[in-house]
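In what follows, a single structure is set out as structure tokens and then discussed.
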Number of protein chains: 2
Amino acid sequence: MIVKEAIRFFAEIGFEGKTRDLASRIGITQPLLYRYFPSKESLIERVYQEIYVQRWNPDWDTLIPDRTRPLAERLIEFYQAYSHAVYDYEWVRIFLFSGLKSGELNDRYLSLIRDKILRPVCEELRHMNNLPSTDTIKIKEEELELAWGLHGMFFYRAVRHFAYNMPIVKNTDQAITNDVRLFLAGAPAVHKDIVERAR
Amino acid sequence: MIVKEAIRFFAEIGFEGKTRDLASRIGITQPLLYRYFPSKESLIERVYQEIYVQRWNPDWDTLIPDRTRPLAERLIEFYQAYSHAVYDYEWVRIFLFSGLKSGELNDRYLSLIRDKILRPVCEELRHMNNLPSTDTIKIKEEELELAWGLHGMFFYRAVRHFAYNMPIVKNTDQAITNDVRLFLAGAPAVHKDIVERAR
DNA sequence: AATGTTATTTATCATCTGATAATTTACATG
DNA sequence: CATGTAAATTATCAGATGATAAATAACATT
């Protein structure tokens with residue numbers, strides 16, 4: 001109960017939220033928190049762990065590189081599934097709070113995004129557009145930045161909604177579909193130049 | 001001096017930053033702050049004002065709708081110019097902190113983005129792709145959401161850099177150019193369907 | 001019901017924090 | 001140089017805040 005409410009509480013208020021307010025929300029007294037957690041900091045650590053756990057489904061590892069299916073289909077399926085895991089009030093806000101605080105914790109997760117989503121996307125884009133494989137010409141920063149653009153379309157929607165409190169788009173799945181289609185239709189126009197430039 | 005350092009300070013620490021720490025940074029004593037500002041809250045208000053001022057250049061109003069030039073050229077010029085105004089440590093972080101805190105202040109600014117950037121972009125996209133004008137068929141939520149995608153590519157880069165502390169991309173102008181080119185090349189593939197669906 | 005153990009609350013501490021009052025320093029003006 | 005005013009510092013306050021200790025309530029076992 002403490003952890004569950006702490007996640008909600010810190011997501012809403014930020015980590016400067018007072019232990020008394022948290023306790024009052026749970027319906028217990030403030031010192032009771034200290035029977036279960038030695039300090040506020042340790043409770044926050046627990047919140048981090050809880051929040052970061054199980055946000056990546058191992059099935060997704062094989063989803064993006066599966067060339068038996070059209071890339072658009074794979075990316076749409078992936079981002080729709082992924083959105084169900086991370087398009088979430090608590091996750092988005094705690095991720096932002098944590099980033100603004102130190103950034104340490106986000107590093108791990110951003111590496112995951114880069115290695116499990118963006119690099120594979122670059123590889124598939126190369127393949128789709130008949131460009132040299134990433135073995136012969138390795139992925140360039142500028143190329144990865146293009147893929148971050150796709151991720152930005154996706155994640156900025158969550159930022160607008162959960163951090164800026166903008167009204168939610170009616171059909172998220174449709175918006176994701178549009179983003180991916182636009183991205184894949186537009187990528188060839190710039191991707192080739194980027195790879196050429198990299199030679 | 002107080003305001004200048006307060007901006008830097010609150011951007012770094014967040015609005016929970018202590019007045020003593022701020023004073024110590026400026027090199028003055030904490031009570032002296034209260035000679036110039038009646039409360040911490042009023043100082044934060046001042047920081048808001050200072051930060052939001054002059055972030056929009058009136059010249060930009062006519063830049064995006066100027067059909068004598070190619071749309072790509074206009075959008076690239078706009079976003080490169082715009083990035084010089086807002087791609088900034090203090091602005092991005094205070095905007096995020098303020099959003100996470102209440103969202104009130106961001107509303108005004110997001111309305112500006114919508115009305116001065118995204119709606120014009122939708123109108124130009126309609127024109128470029130020979131779709132009905134926004135007078136006959138008004139801009140749909142889903143269509144605006146597409147344009148938010150472009151903005152997301154742009155702004156999420158700033159979030160990654162200033163909130164998550166990711167290393168900066170070497171050539172921001174090139175990245176913006178790529179984003180706009182990709183967006184304009186990809187938009188026709190989805191834009192028509194969206195407008196059709198709106199009928 | 002008696003007794004020991006665990007869970008929870010009440011009372012409290014030391015420190016921090018925004019804010020104010022009293023005092024001192026710096027400075028401008030004649 | 002004297003004197004009045006503004007600027008800044010020192011000394012403090014009241015309430016908040018993370019954390020601890022002591023007391024009480026709840027509960028399980030016999």
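How things are named: the first chain in the structure tokens is A, the next is B, and so on; residues count from 1 in each chain; ligands count from 1 in the order shown.
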
With only C-alpha atoms (C1' of nucleotides) considered, list every residue of chain C at most 8 Å from chain B, as a PyMOL selection string. chain C and resi 17-19

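Every chain D residue lying within 9 Å of chain A, based on only C-alpha atoms (C1' of nucleotides), is listed here: DT17, DG18, DA19 and DT20 of chain D.
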
Next, the residues of the selection above should be written as a PDB file, in the first residue's frame with all heavy atoms.
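Just written: result_15.pdb:
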ATOM      1  P    DT D  17       6.408  20.933   5.082  1.00  0.00           P
ATOM      2  OP1  DT D  17       6.660  21.336   3.681  1.00  0.00           O
ATOM      3  OP2  DT D  17       5.124  20.353   5.501  1.00  0.00           O
ATOM      4  O5'  DT D  17       7.574  19.944   5.519  1.00  0.00           O
ATOM      5  C5'  DT D  17       8.923  20.352   5.389  1.00  0.00           C
ATOM      6  C4'  DT D  17       9.826  19.314   6.009  1.00  0.00           C
ATOM      7  O4'  DT D  17       9.995  19.615   7.412  1.00  0.00           O
ATOM      8  C3'  DT D  17       9.275  17.886   5.937  1.00  0.00           C
ATOM      9  O3'  DT D  17      10.220  17.073   5.302  1.00  0.00           O
ATOM     10  C2'  DT D  17       9.093  17.480   7.404  1.00  0.00           C
ATOM     11  C1'  DT D  17      10.074  18.396   8.107  1.00  0.00           C
ATOM     12  N1   DT D  17       9.777  18.687   9.540  1.00  0.00           N
ATOM     13  C2   DT D  17      10.826  18.720  10.436  1.00  0.00           C
ATOM     14  O2   DT D  17      11.970  18.523  10.116  1.00  0.00           O
ATOM     15  N3   DT D  17      10.460  18.988  11.725  1.00  0.00           N
ATOM     16  C4   DT D  17       9.180  19.221  12.196  1.00  0.00           C
ATOM     17  O4   DT D  17       8.968  19.453  13.392  1.00  0.00           O
ATOM     18  C5   DT D  17       8.132  19.176  11.207  1.00  0.00           C
ATOM     19  C7   DT D  17       6.696  19.401  11.616  1.00  0.00           C
ATOM     20  C6   DT D  17       8.471  18.909   9.945  1.00  0.00           C
ATOM     21  P    DG D  18       9.822  15.622   4.732  1.00  0.00           P
ATOM     22  OP1  DG D  18       9.960  15.677   3.265  1.00  0.00           O
ATOM     23  OP2  DG D  18       8.556  15.188   5.334  1.00  0.00           O
ATOM     24  O5'  DG D  18      10.982  14.705   5.312  1.00  0.00           O
ATOM     25  C5'  DG D  18      12.336  15.021   5.019  1.00  0.00           C
ATOM     26  C4'  DG D  18      13.221  14.439   6.099  1.00  0.00           C
ATOM     27  O4'  DG D  18      12.849  15.028   7.368  1.00  0.00           O
ATOM     28  C3'  DG D  18      13.104  12.922   6.282  1.00  0.00           C
ATOM     29  O3'  DG D  18      14.409  12.375   6.378  1.00  0.00           O
ATOM     30  C2'  DG D  18      12.294  12.762   7.562  1.00  0.00           C
ATOM     31  C1'  DG D  18      12.685  14.018   8.336  1.00  0.00           C
ATOM     32  N9   DG D  18      11.659  14.478   9.269  1.00  0.00           N
ATOM     33  C8   DG D  18      10.322  14.684   9.002  1.00  0.00           C
ATOM     34  N7   DG D  18       9.649  15.098  10.047  1.00  0.00           N
ATOM     35  C5   DG D  18      10.596  15.171  11.064  1.00  0.00           C
ATOM     36  C6   DG D  18      10.466  15.555  12.422  1.00  0.00           C
ATOM     37  O6   DG D  18       9.438  15.915  13.017  1.00  0.00           O
ATOM     38  N1   DG D  18      11.672  15.479  13.107  1.00  0.00           N
ATOM     39  C2   DG D  18      12.857  15.093  12.545  1.00  0.00           C
ATOM     40  N2   DG D  18      13.920  15.085  13.371  1.00  0.00           N
ATOM     41  N3   DG D  18      13.003  14.732  11.280  1.00  0.00           N
ATOM     42  C4   DG D  18      11.838  14.793  10.594  1.00  0.00           C
ATOM     43  P    DA D  19      14.592  10.775   6.507  1.00  0.00           P
ATOM     44  OP1  DA D  19      15.953  10.442   6.037  1.00  0.00           O
ATOM     45  OP2  DA D  19      13.408  10.121   5.919  1.00  0.00           O
ATOM     46  O5'  DA D  19      14.568  10.551   8.085  1.00  0.00           O
ATOM     47  C5'  DA D  19      15.584  11.164   8.875  1.00  0.00           C
ATOM     48  C4'  DA D  19      15.258  10.971  10.345  1.00  0.00           C
ATOM     49  O4'  DA D  19      14.046  11.678  10.682  1.00  0.00           O
ATOM     50  C3'  DA D  19      15.025   9.524  10.784  1.00  0.00           C
ATOM     51  O3'  DA D  19      16.111   9.125  11.625  1.00  0.00           O
ATOM     52  C2'  DA D  19      13.701   9.545  11.527  1.00  0.00           C
ATOM     53  C1'  DA D  19      13.468  11.030  11.787  1.00  0.00           C
ATOM     54  N9   DA D  19      12.073  11.414  11.857  1.00  0.00           N
ATOM     55  C8   DA D  19      11.133  11.345  10.861  1.00  0.00           C
ATOM     56  N7   DA D  19       9.940  11.761  11.223  1.00  0.00           N
ATOM     57  C5   DA D  19      10.105  12.128  12.560  1.00  0.00           C
ATOM     58  C6   DA D  19       9.212  12.652  13.516  1.00  0.00           C
ATOM     59  N6   DA D  19       7.927  12.903  13.264  1.00  0.00           N
ATOM     60  N1   DA D  19       9.706  12.910  14.746  1.00  0.00           N
ATOM     61  C2   DA D  19      11.000  12.654  14.989  1.00  0.00           C
ATOM     62  N3   DA D  19      11.932  12.170  14.170  1.00  0.00           N
ATOM     63  C4   DA D  19      11.418  11.929  12.962  1.00  0.00           C
ATOM     64  P    DT D  20      16.167   7.612  12.186  1.00  0.00           P
ATOM     65  OP1  DT D  20      17.589   7.246  12.241  1.00  0.00           O
ATOM     66  OP2  DT D  20      15.186   6.771  11.470  1.00  0.00           O
ATOM     67  O5'  DT D  20      15.653   7.817  13.679  1.00  0.00           O
ATOM     68  C5'  DT D  20      16.248   8.838  14.466  1.00  0.00           C
ATOM     69  C4'  DT D  20      15.626   8.851  15.849  1.00  0.00           C
ATOM     70  O4'  DT D  20      14.293   9.424  15.781  1.00  0.00           O
ATOM     71  C3'  DT D  20      15.458   7.478  16.503  1.00  0.00           C
ATOM     72  O3'  DT D  20      16.011   7.560  17.813  1.00  0.00           O
ATOM     73  C2'  DT D  20      13.950   7.246  16.531  1.00  0.00           C
ATOM     74  C1'  DT D  20      13.423   8.669  16.604  1.00  0.00           C
ATOM     75  N1   DT D  20      12.052   8.889  16.073  1.00  0.00           N
ATOM     76  C2   DT D  20      11.117   9.496  16.879  1.00  0.00           C
ATOM     77  O2   DT D  20      11.343   9.865  18.015  1.00  0.00           O
ATOM     78  N3   DT D  20       9.882   9.660  16.293  1.00  0.00           N
ATOM     79  C4   DT D  20       9.511   9.293  15.021  1.00  0.00           C
ATOM     80  O4   DT D  20       8.382   9.492  14.609  1.00  0.00           O
ATOM     81  C5   DT D  20      10.544   8.656  14.233  1.00  0.00           C
ATOM     82  C7   DT D  20      10.241   8.216  12.842  1.00  0.00           C
ATOM     83  C6   DT D  20      11.757   8.486  14.783  1.00  0.00           C
TER      84       DT D  20
END

Where does chain B meet chain A within 6 Å, residue by residue, with the nearest atom pair and distance in Å to one decimal for each, counting only C-alpha atoms, listed by chain and rising number, as a tab-separated table?
residue	atom	partner	partner_atom	distance
B:Gly99	CA	A:Tyr164	CA	4.8
B:Leu100	CA	A:Ala163	CA	5.0
B:Gly103	CA	A:Tyr164	CA	5.1
B:Gly149	CA	A:Met153	CA	4.4
B:Gly152	CA	A:Met153	CA	4.7
B:Met153	CA	A:Gly149	CA	4.4
B:Tyr156	CA	A:Gly152	CA	5.2
B:Ala163	CA	A:Leu100	CA	5.0
B:Tyr164	CA	A:Gly99	CA	4.8
B:Leu182	CA	A:Gly186	CA	4.3
B:Phe183	CA	A:Gly186	CA	6.0
B:Ala185	CA	A:Gly186	CA	4.4
B:Gly186	CA	A:Gly186	CA	3.6
B:Ala187	CA	A:Leu182	CA	5.4

Serialized selection, C-alpha atoms, as a PDB file, in the first residue's frame:
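Okay, part-v5.pdb is ready:
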ATOM      1  CA  GLY B  99       4.324  22.127 -16.329  1.00  0.00           C
ATOM      2  CA  LEU B 100       4.895  19.399 -13.783  1.00  0.00           C
ATOM      3  CA  GLY B 103       0.511  23.372 -16.071  1.00  0.00           C
ATOM      4  CA  GLY B 149       4.570  15.197 -34.292  1.00  0.00           C
ATOM      5  CA  GLY B 152       7.733  16.662 -30.946  1.00  0.00           C
ATOM      6  CA  MET B 153      10.735  15.713 -33.084  1.00  0.00           C
ATOM      7  CA  TYR B 156      11.983  16.173 -27.596  1.00  0.00           C
ATOM      8  CA  ALA B 163      16.199  17.228 -18.885  1.00  0.00           C
ATOM      9  CA  TYR B 164      17.837  13.833 -19.442  1.00  0.00           C
ATOM     10  CA  LEU B 182      11.286  13.868 -43.419  1.00  0.00           C
ATOM     11  CA  PHE B 183       8.066  15.390 -42.169  1.00  0.00           C
ATOM     12  CA  ALA B 185       8.099  14.039 -47.507  1.00  0.00           C
ATOM     13  CA  GLY B 186       6.050  11.772 -45.263  1.00  0.00           C
ATOM     14  CA  ALA B 187       3.011  13.929 -44.561  1.00  0.00           C
TER      15      ALA B 187
END

Identify all residues of chain A in alpha helix (DSSP H) (DSSP on the backbone) and supply them as a ChimeraX atom specification. /A:2-13,19-26,30-36,40-52,60-63,71-86,89-101,104-113,119-128,141-162,172-198

For the atom pair atom CA of B:Ala158 and atom CA of A:Ala72, what is the interatomic distance in Å to one decimal place? 27.0 Å

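Compared by their closest atoms to B:Glu124, and using only C-alpha atoms, the residues B:Arg74, B:His84, B:Arg46, B:His161 rank with B:Arg74 nearest.
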
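Atom CA of B:Arg108 is found 14.7 Å from atom CA of B:Ile94.
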
In Å and to one decimal, atom C1' of C:DT6 is distant from atom CA of A:Leu22 by 23.1 Å

Contact residues around A:Asp59 with only C-alpha atoms (C1' of nucleotides) at 10 Å, ignoring same-chain residues under 4 positions, as a VMD selection string: chain A and resid 63 to 64 78

Selected residues written out with C-alpha atoms, as a PDB file, in the first residue's frame:
ATOM      1  CA  LEU A  63       9.346  -7.771 -33.239  1.00  0.00           C
ATOM      2  CA  ILE A  64      11.149  -4.904 -34.982  1.00  0.00           C
ATOM      3  CA  PHE A  78       5.483  -2.208 -31.519  1.00  0.00           C
TER       4      PHE A  78
END

Counting only C-alpha atoms (C1' of nucleotides), what is within 10 Å of B:Lys192, bar same-chain residues fewer than 5 positions away, as a short mmCIF file (atom, residue, chain, number, x, y, z; two decimals) with N, CA, C and O atoms, in the first residue's frame?
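Result saved to around-v1.cif:
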data_model
loop_
_atom_site.label_atom_id
_atom_site.label_comp_id
_atom_site.auth_asym_id
_atom_site.auth_seq_id
_atom_site.Cartn_x
_atom_site.Cartn_y
_atom_site.Cartn_z
N LEU B 125 0.23 22.50 -45.41
CA LEU B 125 0.24 21.09 -45.86
C LEU B 125 -0.96 20.84 -46.76
O LEU B 125 -0.85 20.18 -47.81
N ARG B 126 -2.11 21.36 -46.36
CA ARG B 126 -3.32 21.22 -47.19
C ARG B 126 -3.04 21.79 -48.58
O ARG B 126 -3.31 21.16 -49.59
N ASN B 129 -0.46 19.78 -50.67
CA ASN B 129 -0.93 18.48 -51.15
C ASN B 129 -2.27 18.56 -51.87
O ASN B 129 -2.96 17.55 -52.05
N ASN B 130 -2.66 19.78 -52.28
CA ASN B 130 -3.90 19.99 -53.02
C ASN B 130 -5.13 19.42 -52.31
O ASN B 130 -5.98 18.78 -52.93
N LEU B 131 -5.18 19.64 -51.03
CA LEU B 131 -6.36 19.20 -50.27
C LEU B 131 -7.27 20.41 -50.04
O LEU B 131 -6.82 21.55 -50.17
N PRO B 132 -8.52 20.18 -49.71
CA PRO B 132 -9.45 21.28 -49.48
C PRO B 132 -8.92 22.25 -48.43
O PRO B 132 -8.28 21.82 -47.46
N GLU B 143 -5.37 15.79 -37.36
CA GLU B 143 -4.47 16.49 -38.28
C GLU B 143 -3.48 17.35 -37.49
O GLU B 143 -2.28 17.38 -37.78
N ALA B 187 4.37 13.47 -44.87
CA ALA B 187 3.01 13.93 -44.56
C ALA B 187 1.97 13.54 -45.62
O ALA B 187 0.87 13.09 -45.25
N ARG B 197 -11.12 11.24 -43.96
CA ARG B 197 -11.84 10.68 -42.81
C ARG B 197 -12.66 11.75 -42.09
O ARG B 197 -13.65 11.45 -41.44
N ALA B 198 -12.24 12.98 -42.24
CA ALA B 198 -12.90 14.08 -41.51
C ALA B 198 -14.21 14.50 -42.17
O ALA B 198 -15.04 15.15 -41.56
#
